[in-house]
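> What follows is a single structure, and I will ask about it in a moment.
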There are 2 protein chains.
Amino acid sequence: MPKPLLILHGGAGRWRAPKDRIDKALRDIYNALEHGLRFLKSGSALEAVVEAVAYMEDSGSFNAGLGSILSINGIREMDAGVMDGYSMRIGAVAATRYPKNPVRLAKVILEKTDHVILAGSGADFLAERMGLEKMPPPSNDIIRRYNELIEKYKKGEITYFKGNIELAKELGLLDTVGAVALDQDGRLASAVSTGGVWLKLPGRVGDSPIPGAGFWADDLVAVAATGLGEVIIRSMPSIRLSILVHQGYSISKSGELILDYVTRMCGLNTIGFIAVDRNGEEYIGFNTEHMMIAYGSFDKKYAKLLSRQ
Amino acid sequence: MPKPLLILHGGAGRWRAPKDRIDKALRDIYNALEHGLRFLKSGSALEAVVEAVAYMEDSGSFNAGLGSILSINGIREMDAGVMDGYSMRIGAVAATRYPKNPVRLAKVILEKTDHVILAGSGADFLAERMGLEKMPPPSNDIIRRYNELIEKYKKGEITYFKGNIELAKELGLLDTVGAVALDQDGRLASAVSTGGVWLKLPGRVGDSPIPGAGFWADDLVAVAATGLGEVIIRSMPSIRLSILVHQGYSISKSGELILDYVTRMCGLNTIGFIAVDRNGEEYIGFNTEHMMIAYGSFDKKYAKLLSRQ
């Protein structure tokens, strides 16, 4: 009988935030872990990852949900995805503006529709129709950081039509959130959520709603990736990791091979990911300076800001 | 030196259309082939696939571009994707309403932005800003077919919130378009475009803008898939085929394995795909009743409606 396990991440990148901010994020990810573990005890891996991610969305500490950053024209458009490994069902949402919890909208798409991914105004319409809670306006802190960046943009330090991936690398603010879980029935699930990259073009879709890129879950493994969305889409780490595990590699060997592959293809400071297999073995890897994670089984729980060796 | 090659498809599914309609589609796909081959001669694989797909979008014979079907609320939202195997760059667009040629918008995203996928109103905004041609209103034929389906819907024969995948299977109208090419410099590329499924929920995203699902191209192989978008996203045939080819399997063996895999996982009448490798070997496979294709090298050209054995 497998040992239930829940792992969360709060983004891979470069954490340059003041200590009190990092401490708050660590508390929030730890509380999200405890919250998710309660659902893992009473329910399924799917519920646990969705609830843990929704908790992080609500915390405002991460670039997801309430903490979502703004695009070049000052709006919030969020992405999220969830996959249930047992049924291989997927729900994902791209460039949505309406819901406070994009991950809950992703779960609605998984459960209530025949579709897999919804985007834009159609996704917003469904969120409203299904009675999901509406997103309040952005916080003063988000607006202040947006205004600082827009000043840079006006000085010509940021190029509009390129979509500002260089800026994202420079800022190192890649604090998407994600979760993977194994429940006591041996079912695996993953969920991810993000506000994207600062000053992205409106409509930009990152890896979070792209199955095989930002997340994957099946009978053997659940994966959640984070980092530069564009790199993750081009390198498809989540499905590649699943394929290696299905070919008989251990989860840690698979994880190492995929991390090497992405680093070789796309460079350092591009990706981090967490994964769990059906035996309760995990892999946590990143090629960025830092990655924030929380690990929780019923006998061991911790949250940490990991640094690259 | 590789022998340049261009393969197109006009969708896999069940062709129940009158003979004159099928004949027109065959003429259109053949003309698209000749059009694409001119670009393959003078330019790159990337240009050839984009131009061939744009030609099919303009023909109105397929469920893409001018021939795009309507969602449950009577709007057109289109998906497209393009990948250049040489640079591994991707451009894709999801749920876009503005451009007459979604595949051209996908190419703009590939060439002019740092992003990979744009969706919804942000994608429309970029299309307009970049001066792409605007989509005219739907044809009378499309509106007539929509009204017929809406009558069924009003009688309760079609369920709203489920997104009508059963309907798509029943209608068999899966005539997405796609193209793969190898140019004389050995570069591979793929492009796909679709109007989605009849009476889909607004915002629904199919496989066409999802790298690894609806399309893929790299140094060894280019793939374009078609069929039930939701199935293709769950089964990720394009990246799976690439991985097998990279592991040393021939393209035809890889194609057979992937077709078997998808059929075993998701059933018959779900998928078709075309692929070409860097040696100019091709794979064309489908588990649907029919698939329309066009094949063109400089010494051999044909268009055919293939039937399952």
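Residue numbering restarts at 1 in every chain; chains get A, B, ... in the order shown in the structure tokens, and ligands count up from 1 in that same order.
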Find the residues around Tyr249 (chain B) up to 12 Å (only C-alpha atoms counted), leave out those fewer than 5 positions away in its own chain, and share them as a ChimeraX atom specification.
/B:220-221,240-244,254-258,277
> Create the file for the chosen residues now, containing N, CA and C atoms and written as a PDB file, in the first residue's frame.

ATOM      1  N   LEU B 220      15.020  15.875 -36.349  1.00  0.00           N
ATOM      2  CA  LEU B 220      14.840  14.573 -36.986  1.00  0.00           C
ATOM      3  C   LEU B 220      13.482  14.352 -37.624  1.00  0.00           C
ATOM      4  N   VAL B 221      12.445  15.010 -37.139  1.00  0.00           N
ATOM      5  CA  VAL B 221      11.106  14.663 -37.616  1.00  0.00           C
ATOM      6  C   VAL B 221      10.136  15.842 -37.457  1.00  0.00           C
ATOM      7  N   ARG B 240       5.550  12.109 -28.678  1.00  0.00           N
ATOM      8  CA  ARG B 240       5.885  10.683 -28.510  1.00  0.00           C
ATOM      9  C   ARG B 240       6.556  10.136 -29.766  1.00  0.00           C
ATOM     10  N   LEU B 241       6.030  10.526 -30.924  1.00  0.00           N
ATOM     11  CA  LEU B 241       6.629  10.054 -32.168  1.00  0.00           C
ATOM     12  C   LEU B 241       8.058  10.578 -32.299  1.00  0.00           C
ATOM     13  N   SER B 242       8.257  11.845 -31.982  1.00  0.00           N
ATOM     14  CA  SER B 242       9.613  12.408 -32.040  1.00  0.00           C
ATOM     15  C   SER B 242      10.572  11.658 -31.119  1.00  0.00           C
ATOM     16  N   ILE B 243      10.112  11.344 -29.919  1.00  0.00           N
ATOM     17  CA  ILE B 243      10.977  10.652 -28.954  1.00  0.00           C
ATOM     18  C   ILE B 243      11.379   9.276 -29.482  1.00  0.00           C
ATOM     19  N   LEU B 244      10.420   8.548 -30.082  1.00  0.00           N
ATOM     20  CA  LEU B 244      10.752   7.235 -30.645  1.00  0.00           C
ATOM     21  C   LEU B 244      11.775   7.359 -31.772  1.00  0.00           C
ATOM     22  N   SER B 254       7.784   4.006 -35.720  1.00  0.00           N
ATOM     23  CA  SER B 254       7.342   4.962 -34.699  1.00  0.00           C
ATOM     24  C   SER B 254       5.879   5.322 -34.909  1.00  0.00           C
ATOM     25  N   GLY B 255       5.528   5.604 -36.159  1.00  0.00           N
ATOM     26  CA  GLY B 255       4.151   5.962 -36.479  1.00  0.00           C
ATOM     27  C   GLY B 255       3.188   4.844 -36.110  1.00  0.00           C
ATOM     28  N   GLU B 256       3.543   3.609 -36.467  1.00  0.00           N
ATOM     29  CA  GLU B 256       2.669   2.470 -36.132  1.00  0.00           C
ATOM     30  C   GLU B 256       2.494   2.323 -34.623  1.00  0.00           C
ATOM     31  N   LEU B 257       3.611   2.438 -33.891  1.00  0.00           N
ATOM     32  CA  LEU B 257       3.536   2.297 -32.431  1.00  0.00           C
ATOM     33  C   LEU B 257       2.630   3.367 -31.816  1.00  0.00           C
ATOM     34  N   ILE B 258       2.759   4.596 -32.318  1.00  0.00           N
ATOM     35  CA  ILE B 258       1.955   5.690 -31.756  1.00  0.00           C
ATOM     36  C   ILE B 258       0.476   5.524 -32.127  1.00  0.00           C
ATOM     37  N   ASP B 277      10.569  12.538 -41.955  1.00  0.00           N
ATOM     38  CA  ASP B 277      11.844  12.631 -41.238  1.00  0.00           C
ATOM     39  C   ASP B 277      12.895  13.303 -42.117  1.00  0.00           C
TER      40      ASP B 277
END
> List as a PDB file with N, CA, C and O atoms, in the first residue's frame the protein and nucleic acid residues near region 269-276 of chain B, meaning an atom at most 7 Å away when only C-alpha atoms are counted, but skip any in the same chain fewer than 6 places from it.

ATOM      1  N   ALA B  12      -8.858  13.968 -40.592  1.00  0.00           N
ATOM      2  CA  ALA B  12      -9.193  12.551 -40.470  1.00  0.00           C
ATOM      3  C   ALA B  12     -10.551  12.477 -39.813  1.00  0.00           C
ATOM      4  O   ALA B  12     -10.829  13.226 -38.885  1.00  0.00           O
ATOM      5  N   GLY B  13     -11.417  11.613 -40.302  1.00  0.00           N
ATOM      6  CA  GLY B  13     -12.744  11.483 -39.717  1.00  0.00           C
ATOM      7  C   GLY B  13     -13.589  10.622 -40.624  1.00  0.00           C
ATOM      8  O   GLY B  13     -13.112   9.646 -41.199  1.00  0.00           O
ATOM      9  N   VAL B 180       3.373  19.007 -43.171  1.00  0.00           N
ATOM     10  CA  VAL B 180       4.757  18.775 -42.733  1.00  0.00           C
ATOM     11  C   VAL B 180       5.656  18.886 -43.955  1.00  0.00           C
ATOM     12  O   VAL B 180       5.242  18.543 -45.066  1.00  0.00           O
ATOM     13  N   ALA B 181       6.866  19.375 -43.756  1.00  0.00           N
ATOM     14  CA  ALA B 181       7.768  19.543 -44.898  1.00  0.00           C
ATOM     15  C   ALA B 181       9.225  19.349 -44.506  1.00  0.00           C
ATOM     16  O   ALA B 181       9.626  19.571 -43.361  1.00  0.00           O
ATOM     17  N   VAL B 221      12.445  15.010 -37.139  1.00  0.00           N
ATOM     18  CA  VAL B 221      11.106  14.663 -37.616  1.00  0.00           C
ATOM     19  C   VAL B 221      10.136  15.842 -37.457  1.00  0.00           C
ATOM     20  O   VAL B 221      10.311  16.683 -36.572  1.00  0.00           O
ATOM     21  N   ALA B 222       9.164  15.894 -38.376  1.00  0.00           N
ATOM     22  CA  ALA B 222       8.062  16.865 -38.255  1.00  0.00           C
ATOM     23  C   ALA B 222       6.756  16.094 -38.296  1.00  0.00           C
ATOM     24  O   ALA B 222       6.602  15.163 -39.098  1.00  0.00           O
ATOM     25  N   VAL B 223       5.813  16.467 -37.428  1.00  0.00           N
ATOM     26  CA  VAL B 223       4.545  15.740 -37.285  1.00  0.00           C
ATOM     27  C   VAL B 223       3.389  16.724 -37.262  1.00  0.00           C
ATOM     28  O   VAL B 223       3.503  17.807 -36.678  1.00  0.00           O
ATOM     29  N   ALA B 224       2.267  16.345 -37.873  1.00  0.00           N
ATOM     30  CA  ALA B 224       1.016  17.098 -37.724  1.00  0.00           C
ATOM     31  C   ALA B 224      -0.099  16.089 -37.475  1.00  0.00           C
ATOM     32  O   ALA B 224      -0.278  15.153 -38.252  1.00  0.00           O
ATOM     33  N   ALA B 225      -0.840  16.275 -36.391  1.00  0.00           N
ATOM     34  CA  ALA B 225      -1.909  15.353 -36.021  1.00  0.00           C
ATOM     35  C   ALA B 225      -3.265  16.005 -36.254  1.00  0.00           C
ATOM     36  O   ALA B 225      -3.385  17.226 -36.343  1.00  0.00           O
ATOM     37  N   THR B 226      -4.286  15.180 -36.349  1.00  0.00           N
ATOM     38  CA  THR B 226      -5.655  15.674 -36.513  1.00  0.00           C
ATOM     39  C   THR B 226      -6.616  14.643 -35.939  1.00  0.00           C
ATOM     40  O   THR B 226      -6.264  13.476 -35.796  1.00  0.00           O
ATOM     41  N   GLY B 227      -7.822  15.093 -35.613  1.00  0.00           N
ATOM     42  CA  GLY B 227      -8.810  14.174 -35.049  1.00  0.00           C
ATOM     43  C   GLY B 227      -9.501  14.842 -33.885  1.00  0.00           C
ATOM     44  O   GLY B 227      -9.722  16.052 -33.888  1.00  0.00           O
ATOM     45  N   LEU B 228      -9.828  14.072 -32.869  1.00  0.00           N
ATOM     46  CA  LEU B 228     -10.487  14.618 -31.685  1.00  0.00           C
ATOM     47  C   LEU B 228      -9.445  15.316 -30.812  1.00  0.00           C
ATOM     48  O   LEU B 228      -8.626  14.657 -30.161  1.00  0.00           O
ATOM     49  N   VAL B 231      -8.642  14.051 -27.306  1.00  0.00           N
ATOM     50  CA  VAL B 231      -7.910  12.785 -27.300  1.00  0.00           C
ATOM     51  C   VAL B 231      -6.434  13.023 -27.612  1.00  0.00           C
ATOM     52  O   VAL B 231      -5.541  12.426 -26.997  1.00  0.00           O
ATOM     53  N   GLU B 282       8.392   9.124 -45.031  1.00  0.00           N
ATOM     54  CA  GLU B 282       7.166   9.658 -44.451  1.00  0.00           C
ATOM     55  C   GLU B 282       6.372   8.582 -43.711  1.00  0.00           C
ATOM     56  O   GLU B 282       6.573   7.388 -43.923  1.00  0.00           O
ATOM     57  N   TYR B 283       5.473   9.032 -42.863  1.00  0.00           N
ATOM     58  CA  TYR B 283       4.466   8.154 -42.269  1.00  0.00           C
ATOM     59  C   TYR B 283       3.116   8.843 -42.364  1.00  0.00           C
ATOM     60  O   TYR B 283       2.994  10.031 -42.046  1.00  0.00           O
ATOM     61  N   ILE B 284       2.114   8.121 -42.837  1.00  0.00           N
ATOM     62  CA  ILE B 284       0.742   8.617 -42.899  1.00  0.00           C
ATOM     63  C   ILE B 284      -0.122   7.541 -42.252  1.00  0.00           C
ATOM     64  O   ILE B 284      -0.116   6.397 -42.706  1.00  0.00           O
ATOM     65  N   GLY B 285      -0.808   7.882 -41.164  1.00  0.00           N
ATOM     66  CA  GLY B 285      -1.598   6.872 -40.474  1.00  0.00           C
ATOM     67  C   GLY B 285      -2.848   7.462 -39.858  1.00  0.00           C
ATOM     68  O   GLY B 285      -2.863   8.642 -39.510  1.00  0.00           O
ATOM     69  N   PHE B 286      -3.897   6.653 -39.729  1.00  0.00           N
ATOM     70  CA  PHE B 286      -5.138   7.127 -39.117  1.00  0.00           C
ATOM     71  C   PHE B 286      -5.959   5.938 -38.670  1.00  0.00           C
ATOM     72  O   PHE B 286      -5.842   4.843 -39.228  1.00  0.00           O
ATOM     73  N   ASN B 287      -6.777   6.132 -37.633  1.00  0.00           N
ATOM     74  CA  ASN B 287      -7.679   5.071 -37.178  1.00  0.00           C
ATOM     75  C   ASN B 287      -9.141   5.466 -37.407  1.00  0.00           C
ATOM     76  O   ASN B 287     -10.042   4.847 -36.851  1.00  0.00           O
ATOM     77  N   THR B 288      -9.344   6.510 -38.213  1.00  0.00           N
ATOM     78  CA  THR B 288     -10.688   6.975 -38.565  1.00  0.00           C
ATOM     79  C   THR B 288     -11.115   6.304 -39.876  1.00  0.00           C
ATOM     80  O   THR B 288     -10.328   5.607 -40.505  1.00  0.00           O
ATOM     81  N   GLU B 289     -12.349   6.568 -40.303  1.00  0.00           N
ATOM     82  CA  GLU B 289     -12.795   5.950 -41.557  1.00  0.00           C
ATOM     83  C   GLU B 289     -12.017   6.497 -42.747  1.00  0.00           C
ATOM     84  O   GLU B 289     -11.679   5.756 -43.667  1.00  0.00           O
TER      85      GLU B 289
END
> Skip Val49 (chain A) itself and residues of its chain fewer than 3 positions away, then list as a ChimeraX atom specification all residues within 7 Å of it, counting only C-alpha atoms.
/A:36,45-46,52-53,179-181,189-191
> Find the residues of chain A that sit at most 6 Å from chain B; for each, write down the nearest two atoms and how far apart they are in Å, to one decimal. Count only C-alpha atoms. Sort by chain, then by number going up, and give it as a tab-separated table.

residue	atom	partner	partner_atom	distance
A:Thr113	CA	B:Lys162	CA	4.0
A:Asp114	CA	B:Lys162	CA	4.8
A:Val116	CA	B:Glu230	CA	5.9
A:Ile117	CA	B:Val205	CA	5.2
A:Leu118	CA	B:Arg204	CA	4.4
A:Ala119	CA	B:Gly203	CA	4.7
A:Gly120	CA	B:Gly120	CA	4.6
A:Gly122	CA	B:Gly203	CA	3.9
A:Ala123	CA	B:Gly203	CA	5.6
A:Phe161	CA	B:Thr113	CA	5.6
A:Lys162	CA	B:Thr113	CA	4.0
A:Gly163	CA	B:Asp114	CA	5.0
A:Pro202	CA	B:Gly122	CA	4.4
A:Gly203	CA	B:Gly122	CA	3.9
A:Arg204	CA	B:Leu118	CA	4.4
A:Val205	CA	B:Ile117	CA	5.2
A:Glu230	CA	B:Val116	CA	5.9
> Would you mind exporting N, CA, C and O atoms of the selected residues as an mmCIF file, in the first residue's frame?

data_model
loop_
_atom_site.group_PDB
_atom_site.id
_atom_site.type_symbol
_atom_site.label_atom_id
_atom_site.label_comp_id
_atom_site.auth_asym_id
_atom_site.auth_seq_id
_atom_site.Cartn_x
_atom_site.Cartn_y
_atom_site.Cartn_z
ATOM 1 N N THR A 113 -16.931 19.367 -18.196
ATOM 2 C CA THR A 113 -16.999 19.520 -19.650
ATOM 3 C C THR A 113 -16.327 18.334 -20.334
ATOM 4 O O THR A 113 -15.624 17.552 -19.702
ATOM 5 N N ASP A 114 -16.553 18.261 -21.640
ATOM 6 C CA ASP A 114 -15.851 17.289 -22.471
ATOM 7 C C ASP A 114 -14.511 17.826 -22.938
ATOM 8 O O ASP A 114 -13.763 17.127 -23.607
ATOM 9 N N VAL A 116 -10.716 19.954 -22.647
ATOM 10 C CA VAL A 116 -9.494 19.820 -21.862
ATOM 11 C C VAL A 116 -8.958 21.203 -21.479
ATOM 12 O O VAL A 116 -8.559 21.433 -20.343
ATOM 13 N N ILE A 117 -8.961 22.114 -22.433
ATOM 14 C CA ILE A 117 -8.421 23.457 -22.209
ATOM 15 C C ILE A 117 -9.438 24.495 -22.673
ATOM 16 O O ILE A 117 -10.011 24.366 -23.754
ATOM 17 N N LEU A 118 -9.665 25.509 -21.847
ATOM 18 C CA LEU A 118 -10.452 26.672 -22.262
ATOM 19 C C LEU A 118 -9.591 27.913 -22.095
ATOM 20 O O LEU A 118 -8.770 27.985 -21.169
ATOM 21 N N ALA A 119 -9.806 28.892 -22.993
ATOM 22 C CA ALA A 119 -8.971 30.100 -22.967
ATOM 23 C C ALA A 119 -9.825 31.354 -23.062
ATOM 24 O O ALA A 119 -10.944 31.326 -23.577
ATOM 25 N N GLY A 120 -9.254 32.449 -22.564
ATOM 26 C CA GLY A 120 -9.797 33.783 -22.794
ATOM 27 C C GLY A 120 -11.204 33.982 -22.269
ATOM 28 O O GLY A 120 -11.590 33.475 -21.214
ATOM 29 N N GLY A 122 -14.070 32.939 -23.165
ATOM 30 C CA GLY A 122 -14.904 31.744 -23.010
ATOM 31 C C GLY A 122 -14.656 31.083 -21.658
ATOM 32 O O GLY A 122 -15.590 30.611 -20.999
ATOM 33 N N ALA A 123 -13.406 31.051 -21.245
ATOM 34 C CA ALA A 123 -13.070 30.503 -19.934
ATOM 35 C C ALA A 123 -13.679 31.365 -18.826
ATOM 36 O O ALA A 123 -14.233 30.848 -17.847
ATOM 37 N N PHE A 161 7.187 44.337 -28.397
ATOM 38 C CA PHE A 161 6.712 43.187 -29.153
ATOM 39 C C PHE A 161 7.449 41.884 -28.895
ATOM 40 O O PHE A 161 7.050 40.844 -29.385
ATOM 41 N N LYS A 162 8.530 41.926 -28.160
ATOM 42 C CA LYS A 162 9.253 40.685 -27.931
ATOM 43 C C LYS A 162 8.707 39.883 -26.755
ATOM 44 O O LYS A 162 9.028 38.712 -26.600
ATOM 45 N N GLY A 163 7.946 40.530 -25.913
ATOM 46 C CA GLY A 163 7.324 39.750 -24.846
ATOM 47 C C GLY A 163 8.173 39.587 -23.605
ATOM 48 O O GLY A 163 7.788 38.898 -22.674
ATOM 49 N N PRO A 202 -0.527 40.726 -23.818
ATOM 50 C CA PRO A 202 -1.850 40.195 -23.478
ATOM 51 C C PRO A 202 -2.126 38.933 -24.296
ATOM 52 O O PRO A 202 -1.775 38.850 -25.467
ATOM 53 N N GLY A 203 -2.718 37.962 -23.661
ATOM 54 C CA GLY A 203 -3.014 36.697 -24.338
ATOM 55 C C GLY A 203 -1.924 35.668 -24.240
ATOM 56 O O GLY A 203 -2.124 34.516 -24.604
ATOM 57 N N ARG A 204 -0.740 36.059 -23.712
ATOM 58 C CA ARG A 204 0.369 35.101 -23.631
ATOM 59 C C ARG A 204 -0.007 33.891 -22.769
ATOM 60 O O ARG A 204 -0.517 34.047 -21.664
ATOM 61 N N VAL A 205 0.259 32.716 -23.278
ATOM 62 C CA VAL A 205 -0.001 31.479 -22.556
ATOM 63 C C VAL A 205 1.342 30.843 -22.220
ATOM 64 O O VAL A 205 2.187 30.682 -23.099
ATOM 65 N N GLU A 230 8.099 29.554 -21.814
ATOM 66 C CA GLU A 230 8.430 29.311 -23.208
ATOM 67 C C GLU A 230 9.454 28.179 -23.351
ATOM 68 O O GLU A 230 9.373 27.370 -24.275
#
> Neighbouring residues of region 291-308 of chain A were defined as those with any atom within 8 Å, considering only C-alpha atoms; residues of the same chain fewer than 2 positions away were excluded. Please report them as number ranges by chain.
A: 3-14, 26-27, 29-30, 33-34, 37, 272, 286-289
> Include N, CA and C atoms and write out the residues we just selected as a PDB file, in the first residue's frame.

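This went into selection.pdb:
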ATOM      1  N   LYS A   3       2.406   4.998   0.414  1.00  0.00           N
ATOM      2  CA  LYS A   3       2.412   5.984   1.487  1.00  0.00           C
ATOM      3  C   LYS A   3       2.003   7.328   0.895  1.00  0.00           C
ATOM      4  N   PRO A   4       0.883   7.901   1.325  1.00  0.00           N
ATOM      5  CA  PRO A   4       0.441   9.165   0.734  1.00  0.00           C
ATOM      6  C   PRO A   4       1.497  10.263   0.874  1.00  0.00           C
ATOM      7  N   LEU A   5       1.589  11.074  -0.141  1.00  0.00           N
ATOM      8  CA  LEU A   5       2.643  12.081  -0.193  1.00  0.00           C
ATOM      9  C   LEU A   5       2.150  13.292  -0.970  1.00  0.00           C
ATOM     10  N   LEU A   6       2.499  14.466  -0.489  1.00  0.00           N
ATOM     11  CA  LEU A   6       2.157  15.711  -1.183  1.00  0.00           C
ATOM     12  C   LEU A   6       3.406  16.589  -1.236  1.00  0.00           C
ATOM     13  N   ILE A   7       3.748  17.050  -2.425  1.00  0.00           N
ATOM     14  CA  ILE A   7       4.882  17.973  -2.568  1.00  0.00           C
ATOM     15  C   ILE A   7       4.393  19.216  -3.295  1.00  0.00           C
ATOM     16  N   LEU A   8       4.785  20.370  -2.790  1.00  0.00           N
ATOM     17  CA  LEU A   8       4.417  21.642  -3.417  1.00  0.00           C
ATOM     18  C   LEU A   8       5.673  22.400  -3.820  1.00  0.00           C
ATOM     19  N   HIS A   9       5.532  23.270  -4.815  1.00  0.00           N
ATOM     20  CA  HIS A   9       6.616  24.224  -5.039  1.00  0.00           C
ATOM     21  C   HIS A   9       6.027  25.622  -5.141  1.00  0.00           C
ATOM     22  N   GLY A  10       6.859  26.607  -4.822  1.00  0.00           N
ATOM     23  CA  GLY A  10       6.448  28.005  -4.885  1.00  0.00           C
ATOM     24  C   GLY A  10       7.244  28.749  -5.941  1.00  0.00           C
ATOM     25  N   GLY A  11       7.774  27.993  -6.925  1.00  0.00           N
ATOM     26  CA  GLY A  11       8.478  28.621  -8.028  1.00  0.00           C
ATOM     27  C   GLY A  11       9.975  28.419  -7.970  1.00  0.00           C
ATOM     28  N   ALA A  12      10.565  28.299  -9.155  1.00  0.00           N
ATOM     29  CA  ALA A  12      12.018  28.208  -9.283  1.00  0.00           C
ATOM     30  C   ALA A  12      12.489  29.492  -9.941  1.00  0.00           C
ATOM     31  N   GLY A  13      13.575  30.039  -9.451  1.00  0.00           N
ATOM     32  CA  GLY A  13      14.087  31.275 -10.044  1.00  0.00           C
ATOM     33  C   GLY A  13      15.144  31.837  -9.129  1.00  0.00           C
ATOM     34  N   ARG A  14      15.132  33.153  -9.018  1.00  0.00           N
ATOM     35  CA  ARG A  14      16.107  33.827  -8.180  1.00  0.00           C
ATOM     36  C   ARG A  14      15.331  34.606  -7.127  1.00  0.00           C
ATOM     37  N   LEU A  26       7.354  31.143   2.947  1.00  0.00           N
ATOM     38  CA  LEU A  26       7.616  29.824   3.536  1.00  0.00           C
ATOM     39  C   LEU A  26       6.483  29.397   4.468  1.00  0.00           C
ATOM     40  N   ARG A  27       5.983  30.349   5.241  1.00  0.00           N
ATOM     41  CA  ARG A  27       4.834  30.023   6.109  1.00  0.00           C
ATOM     42  C   ARG A  27       3.625  29.645   5.258  1.00  0.00           C
ATOM     43  N   ILE A  29       3.485  28.464   2.150  1.00  0.00           N
ATOM     44  CA  ILE A  29       3.586  27.175   1.449  1.00  0.00           C
ATOM     45  C   ILE A  29       3.449  26.026   2.452  1.00  0.00           C
ATOM     46  N   TYR A  30       3.948  26.240   3.683  1.00  0.00           N
ATOM     47  CA  TYR A  30       3.806  25.204   4.719  1.00  0.00           C
ATOM     48  C   TYR A  30       2.331  25.025   5.100  1.00  0.00           C
ATOM     49  N   LEU A  33       0.550  23.210   2.476  1.00  0.00           N
ATOM     50  CA  LEU A  33       0.862  21.787   2.591  1.00  0.00           C
ATOM     51  C   LEU A  33      -0.057  21.112   3.611  1.00  0.00           C
ATOM     52  N   GLU A  34      -0.163  21.722   4.780  1.00  0.00           N
ATOM     53  CA  GLU A  34      -1.028  21.132   5.810  1.00  0.00           C
ATOM     54  C   GLU A  34      -2.484  21.081   5.340  1.00  0.00           C
ATOM     55  N   LEU A  37      -2.769  18.300   2.850  1.00  0.00           N
ATOM     56  CA  LEU A  37      -2.666  16.979   3.475  1.00  0.00           C
ATOM     57  C   LEU A  37      -3.988  16.539   4.090  1.00  0.00           C
ATOM     58  N   GLY A 272      12.532  24.297 -12.999  1.00  0.00           N
ATOM     59  CA  GLY A 272      12.557  23.457 -11.821  1.00  0.00           C
ATOM     60  C   GLY A 272      11.363  22.528 -11.902  1.00  0.00           C
ATOM     61  N   PHE A 286      16.112  21.421 -10.034  1.00  0.00           N
ATOM     62  CA  PHE A 286      16.024  22.760 -10.636  1.00  0.00           C
ATOM     63  C   PHE A 286      17.403  23.189 -11.092  1.00  0.00           C
ATOM     64  N   ASN A 287      17.430  24.032 -12.133  1.00  0.00           N
ATOM     65  CA  ASN A 287      18.705  24.582 -12.593  1.00  0.00           C
ATOM     66  C   ASN A 287      18.765  26.093 -12.370  1.00  0.00           C
ATOM     67  N   THR A 288      17.835  26.595 -11.558  1.00  0.00           N
ATOM     68  CA  THR A 288      17.780  28.009 -11.200  1.00  0.00           C
ATOM     69  C   THR A 288      18.542  28.221  -9.881  1.00  0.00           C
ATOM     70  N   GLU A 289      18.668  29.474  -9.460  1.00  0.00           N
ATOM     71  CA  GLU A 289      19.385  29.705  -8.198  1.00  0.00           C
ATOM     72  C   GLU A 289      18.646  29.125  -6.999  1.00  0.00           C
TER      73      GLU A 289
END
> Compare A:Ile69, A:Ile150, A:Leu40, A:Val177 by their minimum atom-to-atom distance to Ala25 (chain A), counting only C-alpha atoms, and give me the closest one.
A:Val177
> Pull the strand (DSSP E) assignments for region 143-273 of chain A out of DSSP run on the backbone, and list those residues as JSON, numbers by chain.
{"A": [177, 178, 179, 180, 181, 182, 188, 189, 190, 191, 192, 193, 194, 204, 205, 215, 216, 217, 221, 222, 223, 224, 225, 226, 227, 271, 272, 273]}
> Give the helix (DSSP H, G or I) residues of region 108-220 of chain B, as assigned by DSSP on the backbone, as an MDAnalysis selection string.
chainID B and resid 108:112 120:129 140:154 165:171
> Which residues come within 6 Å of Thr194 (chain B), counting only C-alpha atoms, excluding same-chain residues fewer than 5 positions away, as a list in words?
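Result of the neighbour search: Asn63, Ala64, Met78, Asp79 and Thr176 of chain B.
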> For the residues selected in the previous step, produce a file with N, CA, C and O atoms as a short mmCIF file (atom, residue, chain, number, x, y, z; two decimals), in the first residue's frame.

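What ended up in part.cif:
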data_model
loop_
_atom_site.label_atom_id
_atom_site.label_comp_id
_atom_site.auth_asym_id
_atom_site.auth_seq_id
_atom_site.Cartn_x
_atom_site.Cartn_y
_atom_site.Cartn_z
N ASN B 63 -12.38 22.63 -42.25
CA ASN B 63 -12.73 23.27 -41.00
C ASN B 63 -11.52 24.02 -40.44
O ASN B 63 -10.88 23.60 -39.49
N ALA B 64 -11.21 25.14 -41.09
CA ALA B 64 -10.06 25.97 -40.73
C ALA B 64 -10.22 27.26 -41.53
O ALA B 64 -10.78 27.23 -42.62
N MET B 78 -10.67 30.13 -33.51
CA MET B 78 -9.79 29.23 -34.24
C MET B 78 -8.46 29.02 -33.52
O MET B 78 -8.01 29.86 -32.76
N ASP B 79 -7.85 27.86 -33.80
CA ASP B 79 -6.55 27.50 -33.24
C ASP B 79 -5.58 27.23 -34.38
O ASP B 79 -5.99 26.70 -35.42
N THR B 176 -9.86 19.39 -39.77
CA THR B 176 -8.70 20.24 -39.53
C THR B 176 -7.70 20.11 -40.69
O THR B 176 -7.74 19.13 -41.40
#
> Do a neighbour search on Gly60 (chain B) at 10 Å with only C-alpha atoms, toss out local chain neighbours closer than 5 positions, and write the hits as a list in words.
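Using only C-alpha atoms, the neighbours found are Lys24, Ala25, Asp28, Tyr55, Gly65, Leu66, Gly67, Ser68, Pro138, Ser139 and Ile142 of chain B.
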